[in-house]
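Engineer: Structure below; questions to follow.
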Protein chains: 2
Amino acid sequence: MRRITLDDVANLAGVSPITVSRVLRKPDAVSPGLRLRVDAAVKELGYVPNIAASRLASSRTHAIGVIVPTLYNVIFAEYLFALHEVLVAAGFQVIVVNSRYSEIEEENAIKALLGQRVEAIIIAGTHHTPLSRQLLAQARLPVVETFELSPNPIDLNIGMSQEHAGQTATQHLIERGFRRIAFLTGNLDHRAQSRFDGYRLAMQEAELPNLEIIAEKPRHSSVVVGSDLFAMTHERGDVPEAIFCTDDNLALGAMQECRKRGIRVPDDISIIGFHDLEFAACAAPSLSSIATRRFETGKLAAERVLAALNSSVVSRAEQIDLGFALILRESTAI
Amino acid sequence: MRRITLDDVANLAGVSPITVSRVLRKPDAVSPGLRLRVDAAVKELGYVPNIAASRLASSRTHAIGVIVPTLYNVIFAEYLFALHEVLVAAGFQVIVVNSRYSEIEEENAIKALLGQRVEAIIIAGTHHTPLSRQLLAQARLPVVETFELSPNPIDLNIGMSQEHAGQTATQHLIERGFRRIAFLTGNLDHRAQSRFDGYRLAMQEAELPNLEIIAEKPRHSSVVVGSDLFAMTHERGDVPEAIFCTDDNLALGAMQECRKRGIRVPDDISIIGFHDLEFAACAAPSLSSIATRRFETGKLAAERVLAALNSSVVSRAEQIDLGFALILRESTAI
DNA sequence: AACATAGTTGACAGCGCTGTCAAATCGTAT
DNA sequence: ATACGATTTGACAGCGCTGTCAACTATGTT
């Protein structure tokens, strides 16, 4: 069972293969009569062009590689949604690869994407293996690092200061008058680590002692982990006055666990999350958080990639800070 | 700036191109001496094979197409995680495409995947356009439809009866003695519709009137939507005795809104969700739900695809029911 | 009627790799 | 020293498409 090719369609329609190719790619350049004949033949044979052959012949793949650490966190779904919206509309295929928070897997992902000859790579995070950096730098294609700001961007960098955001959240709790303020996270990936750095900076400035609630075994931020970690802390008997959680899911879990244990939020304990996920506003009590701009990050990254691909002017190492916002709600109200 | 090719590596290493190709694909078939020379040349030039050329020449893509409606719902993240785990380990690339709950976009996704000459397609759902069905059936490759059971599967079908699950959830509420039982959803995609059918069947059997809380404009299941819909219902003054939500997120939102409005769960109202998402067990109160098997669905689908690709025996139209489980927790306790 | 012009169509080669099979090389037994 | 099979290496063609450029057709102009 041979697959149907351009030649088969051309034979059936009684035209040359190149004409069939044109009908498919730039129909306006072909006379209506032939176009109809070719379209009919395509339909009759159920012809679907072989993209690998097309990519090889044209040396354009119309593919953009995107690397994210996980699909479990909705922030990446939002980011990918924006990327898709822009790139697919512009005729590009988006190839999403998952690094599972591992730099080695990320390196493999980069190799795989380069092997596919993607025309650009958009990668979440700014920490990569030396080989990853080298591959990306040598590849002579637009690279966008997102979500964080890098001290030495490979190419374009669109993000925000995770450290400053962590500091801001902590300072808010300090200003509320709390002294025993804990930092809670399920794992310390690079971004969580930066938020932690910000927390420590703020605590140090206020001359307050650190209070870390960090899972023994790294676990993805989720409601359950927030619940578990708070339960453990409560059972040890050292419940803080306030908690900064690296993620709203963790914060929600902590709040639920408080409720179960008869601890009132914000009367007995204040809680602030991170990312301002959709549910933060409607939680009971509503959750204070740091709003981050996932959608805008994706949109801007995609637009810049398109611009770079169209302009052919090589512009290097630009950095865009999309910032963040402190959102105050009931969970840290006085 | 020409890209580095196999020939460049061969020249540098002083061997024929085919030998380089062998070193990369089956190193054991090449003597250690040459292998080292070739590896060194590959490294020196930073050579990355062109997958399009490889696919064209070998007429194997080692790619599997996966279509999901959205990445916003974590159930698809879990499903994709399982698919990846099995397929990537077996040396396949997983190409994920998003249909955004649209049959037209799904059709386009199918065309795109067939154009890539994927070796199998795994598609969430069993409702497709006629052309989609035709393309999938004619494509002569393994097709797996997942998450639902189809009356006429295209090929393999791994899922569960959404209708029966909806009926079971509703019957549980009926057995608890409630009469004013509402069905709440943000949108009526095919699976939600089937759950709704199950709800109506159960209500009809018990000779109870339907009570629908369905968003006017379709909205993806989320905590906010659950919260909004419940708020609207409460303000209209017709709060039911129990609610079956098509998704745990909706249920969580409804519970939070209850809390804000001083309605106690389960004392004043019982709520059951769907999917048994991770947070259901640790919610306050913990949430009754229908547990579904997303991970197993993905794993089994991937394994069956691998088996089909290896066996070359064409086995058609098998159907596997992975079932579901009613999980009773505080939110529907008496 | 001859010619310029724009608009269509086609011939050709080649993108970079791999399957197939033939040639070369090696080690070992005679 | 020779012959043999096993192993290693290479030559060749072709996968299915597209870029380039040449050839052709229809139309309008002088």
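A note on labels: chains of the structure tokens are A, B, ... as shown, every chain counts residues from 1, and ligands are counted from 1 in their shown order.
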Matching each Cα of chain A to the same-order Cα of chain B and superposing by least squares, what RMSD do you find?
Structural biologist: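 Across all paired C-alpha atoms, the RMSD is 0.1 Å.
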Engineer: Which residues of chain C are close to chain A, meaning at most 8 Å apart when you count only C-alpha atoms (C1' of nucleotides), and how do they look as a list in words?
Structural biologist: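 Therefore, the residues near the partner are DT8, DT9, DG10, DG14, DC15 and DG16 of chain C.
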Engineer: Return the neighbours of chain B among the residues of chain D, cut-off 7 Å, counting only C-alpha atoms (C1' of nucleotides), as a ChimeraX atom specification.
Structural biologist: /D:8,10,15
Engineer: Could you please take those selected residues and save C-alpha atoms (C1' of nucleotides) as a PDB file, in the first residue's frame?
Structural biologist:
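And here's result.pdb as it stands now:
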ATOM      1  C1'  DT D   8      32.876  -3.918   8.535  1.00  0.00           C
ATOM      2  C1'  DG D  10      30.921   1.992   0.975  1.00  0.00           C
ATOM      3  C1'  DC D  15      12.240   9.099  -0.349  1.00  0.00           C
TER       4       DC D  15
END
Engineer: Where does chain B meet chain A within 7 Å, residue by residue, with the nearest atom pair and distance in Å to one decimal for each, counting only C-alpha atoms, listed by chain and rising number, as JSON lines?
Structural biologist:
{"residue": "B:Val48", "atom": "CA", "partner": "A:Gly115", "partner_atom": "CA", "distance": 5.5}
{"residue": "B:Pro49", "atom": "CA", "partner": "A:Gly115", "partner_atom": "CA", "distance": 5.6}
{"residue": "B:Asn50", "atom": "CA", "partner": "A:Gly115", "partner_atom": "CA", "distance": 5.3}
{"residue": "B:Ile51", "atom": "CA", "partner": "A:Gln116", "partner_atom": "CA", "distance": 5.3}
{"residue": "B:Ala52", "atom": "CA", "partner": "A:Ala52", "partner_atom": "CA", "distance": 4.7}
{"residue": "B:Ala53", "atom": "CA", "partner": "A:Leu56", "partner_atom": "CA", "distance": 5.9}
{"residue": "B:Arg55", "atom": "CA", "partner": "A:Ala52", "partner_atom": "CA", "distance": 6.4}
{"residue": "B:Leu56", "atom": "CA", "partner": "A:Ala52", "partner_atom": "CA", "distance": 5.8}
{"residue": "B:Leu71", "atom": "CA", "partner": "A:Ala77", "partner_atom": "CA", "distance": 5.5}
{"residue": "B:Tyr72", "atom": "CA", "partner": "A:Ala77", "partner_atom": "CA", "distance": 5.6}
{"residue": "B:Val74", "atom": "CA", "partner": "A:Tyr72", "partner_atom": "CA", "distance": 6.0}
{"residue": "B:Ala77", "atom": "CA", "partner": "A:Leu71", "partner_atom": "CA", "distance": 5.5}
{"residue": "B:Ile95", "atom": "CA", "partner": "A:Ile95", "partner_atom": "CA", "distance": 6.9}
{"residue": "B:Leu114", "atom": "CA", "partner": "A:Val48", "partner_atom": "CA", "distance": 6.9}
{"residue": "B:Gly115", "atom": "CA", "partner": "A:Asn50", "partner_atom": "CA", "distance": 5.2}
{"residue": "B:Gln116", "atom": "CA", "partner": "A:Ile51", "partner_atom": "CA", "distance": 5.3}
{"residue": "B:Arg117", "atom": "CA", "partner": "A:Asn50", "partner_atom": "CA", "distance": 6.8}
{"residue": "B:Val223", "atom": "CA", "partner": "A:Phe279", "partner_atom": "CA", "distance": 5.6}
{"residue": "B:Val224", "atom": "CA", "partner": "A:Phe279", "partner_atom": "CA", "distance": 5.6}
{"residue": "B:Ser227", "atom": "CA", "partner": "A:Cys282", "partner_atom": "CA", "distance": 6.9}
{"residue": "B:Gln256", "atom": "CA", "partner": "A:Ala284", "partner_atom": "CA", "distance": 5.4}
{"residue": "B:Arg259", "atom": "CA", "partner": "A:Ala284", "partner_atom": "CA", "distance": 6.8}
{"residue": "B:Lys260", "atom": "CA", "partner": "A:Ala284", "partner_atom": "CA", "distance": 6.2}
{"residue": "B:Glu278", "atom": "CA", "partner": "A:Val224", "partner_atom": "CA", "distance": 6.7}
{"residue": "B:Phe279", "atom": "CA", "partner": "A:Val223", "partner_atom": "CA", "distance": 5.6}
{"residue": "B:Cys282", "atom": "CA", "partner": "A:Val224", "partner_atom": "CA", "distance": 6.2}
{"residue": "B:Ala283", "atom": "CA", "partner": "A:Gln256", "partner_atom": "CA", "distance": 6.0}
{"residue": "B:Ala284", "atom": "CA", "partner": "A:Gln256", "partner_atom": "CA", "distance": 5.4}
Engineer: Using only C-alpha atoms (C1' of nucleotides), which residues sit within 8 Å of Leu45 in chain B once same-chain residues fewer than 2 positions away are excluded, as a list in words?
Structural biologist: Ile4, Val9, Ala41, Val42, Lys43 and Tyr47 of chain B
Engineer: Could those residues be written to a file, using C-alpha atoms, as a CSV table (one decimal), in the first residue's frame?
Structural biologist:
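Result written to again_21.csv:
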chain,number,residue,atom,x,y,z
B,4,ILE,CA,26.3,21.1,8.9
B,9,VAL,CA,31.0,15.1,9.3
B,41,ALA,CA,33.8,15.0,14.2
B,42,VAL,CA,30.2,15.2,15.3
B,43,LYS,CA,31.1,17.1,18.4
B,47,TYR,CA,26.3,18.3,14.1
Engineer: Report the distance between CA of Asp321 in chain A and CA of Met160 in chain A in Å, rounded to one decimal place.
Structural biologist: 5.0 Å
Engineer: Could you tell me, as a JSON list (two decimals) with N, CA and C atoms, in the first residue's frame, which residues of range 31-190 of chain A DSSP assigns to strand (DSSP E or B) when given the backbone?
Structural biologist:
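Output contents, as saved in states18.json:
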[["chain", "number", "residue", "atom", "x", "y", "z"],
["A", 63, "ALA", "N", 8.11, 25.60, 12.12],
["A", 63, "ALA", "CA", 7.89, 25.01, 13.44],
["A", 63, "ALA", "C", 8.65, 25.81, 14.48],
["A", 64, "ILE", "N", 8.03, 26.02, 15.61],
["A", 64, "ILE", "CA", 8.66, 26.73, 16.73],
["A", 64, "ILE", "C", 8.70, 25.78, 17.92],
["A", 65, "GLY", "N", 9.86, 25.64, 18.52],
["A", 65, "GLY", "CA", 9.97, 24.76, 19.68],
["A", 65, "GLY", "C", 9.70, 25.51, 20.97],
["A", 66, "VAL", "N", 8.93, 24.89, 21.85],
["A", 66, "VAL", "CA", 8.62, 25.50, 23.15],
["A", 66, "VAL", "C", 8.92, 24.48, 24.24],
["A", 67, "ILE", "N", 9.69, 24.90, 25.21],
["A", 67, "ILE", "CA", 10.03, 24.01, 26.32],
["A", 67, "ILE", "C", 9.43, 24.55, 27.61],
["A", 68, "VAL", "N", 8.66, 23.72, 28.28],
["A", 68, "VAL", "CA", 8.10, 24.08, 29.59],
["A", 68, "VAL", "C", 8.44, 22.97, 30.58],
["A", 93, "GLN", "N", 3.80, 25.75, 13.30],
["A", 93, "GLN", "CA", 3.47, 24.65, 14.19],
["A", 93, "GLN", "C", 4.21, 24.88, 15.51],
["A", 94, "VAL", "N", 3.55, 24.65, 16.61],
["A", 94, "VAL", "CA", 4.19, 24.79, 17.91],
["A", 94, "VAL", "C", 4.50, 23.40, 18.44],
["A", 95, "ILE", "N", 5.75, 23.12, 18.68],
["A", 95, "ILE", "CA", 6.14, 21.83, 19.22],
["A", 95, "ILE", "C", 6.48, 22.00, 20.69],
["A", 96, "VAL", "N", 5.65, 21.45, 21.55],
["A", 96, "VAL", "CA", 5.82, 21.62, 22.98],
["A", 96, "VAL", "C", 6.57, 20.44, 23.56],
["A", 97, "VAL", "N", 7.62, 20.70, 24.29],
["A", 97, "VAL", "CA", 8.33, 19.65, 24.98],
["A", 97, "VAL", "C", 8.43, 20.00, 26.45],
["A", 98, "ASN", "N", 8.41, 18.96, 27.24],
["A", 98, "ASN", "CA", 8.29, 19.02, 28.67],
["A", 98, "ASN", "C", 9.62, 18.60, 29.28],
["A", 120, "ALA", "N", 12.72, 28.68, 15.78],
["A", 120, "ALA", "CA", 12.99, 29.46, 16.99],
["A", 120, "ALA", "C", 12.71, 28.57, 18.19],
["A", 121, "ILE", "N", 13.30, 28.95, 19.31],
["A", 121, "ILE", "CA", 13.04, 28.20, 20.54],
["A", 121, "ILE", "C", 12.62, 29.16, 21.65],
["A", 122, "ILE", "N", 11.52, 28.83, 22.28],
["A", 122, "ILE", "CA", 11.02, 29.63, 23.40],
["A", 122, "ILE", "C", 11.07, 28.72, 24.62],
["A", 123, "ILE", "N", 11.84, 29.12, 25.60],
["A", 123, "ILE", "CA", 12.14, 28.21, 26.70],
["A", 123, "ILE", "C", 11.84, 28.87, 28.04],
["A", 124, "ALA", "N", 11.11, 28.17, 28.88],
["A", 124, "ALA", "CA", 10.78, 28.72, 30.20],
["A", 124, "ALA", "C", 11.98, 28.56, 31.11],
["A", 143, "VAL", "N", 16.03, 32.87, 20.14],
["A", 143, "VAL", "CA", 15.80, 32.14, 21.38],
["A", 143, "VAL", "C", 15.16, 33.11, 22.37],
["A", 144, "VAL", "N", 14.10, 32.69, 23.01],
["A", 144, "VAL", "CA", 13.48, 33.52, 24.04],
["A", 144, "VAL", "C", 13.46, 32.74, 25.35],
["A", 145, "GLU", "N", 14.06, 33.30, 26.37],
["A", 145, "GLU", "CA", 13.96, 32.73, 27.71],
["A", 145, "GLU", "C", 12.88, 33.50, 28.46],
["A", 146, "THR", "N", 12.02, 32.79, 29.15],
["A", 146, "THR", "CA", 10.86, 33.45, 29.76],
["A", 146, "THR", "C", 10.72, 33.17, 31.25],
["A", 156, "LEU", "N", 16.86, 36.82, 23.51],
["A", 156, "LEU", "CA", 15.81, 37.65, 24.09],
["A", 156, "LEU", "C", 15.38, 37.05, 25.43],
["A", 157, "ASN", "N", 14.97, 37.90, 26.35],
["A", 157, "ASN", "CA", 14.58, 37.42, 27.68],
["A", 157, "ASN", "C", 13.37, 38.22, 28.14],
["A", 158, "ILE", "N", 12.27, 37.52, 28.34],
["A", 158, "ILE", "CA", 11.03, 38.18, 28.76],
["A", 158, "ILE", "C", 10.60, 37.58, 30.08],
["A", 159, "GLY", "N", 10.55, 38.39, 31.13],
["A", 159, "GLY", "CA", 10.18, 37.79, 32.40],
["A", 159, "GLY", "C", 9.95, 38.81, 33.47],
["A", 181, "ILE", "N", 7.12, 34.77, 60.26],
["A", 181, "ILE", "CA", 6.63, 34.62, 58.89],
["A", 181, "ILE", "C", 7.34, 33.45, 58.23],
["A", 182, "ALA", "N", 6.56, 32.49, 57.73],
["A", 182, "ALA", "CA", 7.16, 31.30, 57.14],
["A", 182, "ALA", "C", 7.13, 31.36, 55.62],
["A", 183, "PHE", "N", 8.10, 30.70, 55.01],
["A", 183, "PHE", "CA", 8.13, 30.52, 53.56],
["A", 183, "PHE", "C", 7.79, 29.06, 53.29],
["A", 184, "LEU", "N", 6.76, 28.82, 52.48],
["A", 184, "LEU", "CA", 6.30, 27.44, 52.26],
["A", 184, "LEU", "C", 6.40, 27.06, 50.79],
["A", 185, "THR", "N", 7.06, 25.94, 50.51],
["A", 185, "THR", "CA", 7.11, 25.45, 49.13],
["A", 185, "THR", "C", 7.23, 23.93, 49.10]]
Engineer: If you run DSSP on the backbone here, which positions in range 130-234 of chain A get alpha helix (DSSP H)? Please write them as a PyMOL selection string.
Structural biologist: chain A and resi 130-138+162-175+190-205+223-234
Engineer: How many Å separate CA of Ala251 in chain B from CA of Ile272 in chain A?
Structural biologist: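 Rounded to one decimal, the two atoms are 23.1 Å apart.
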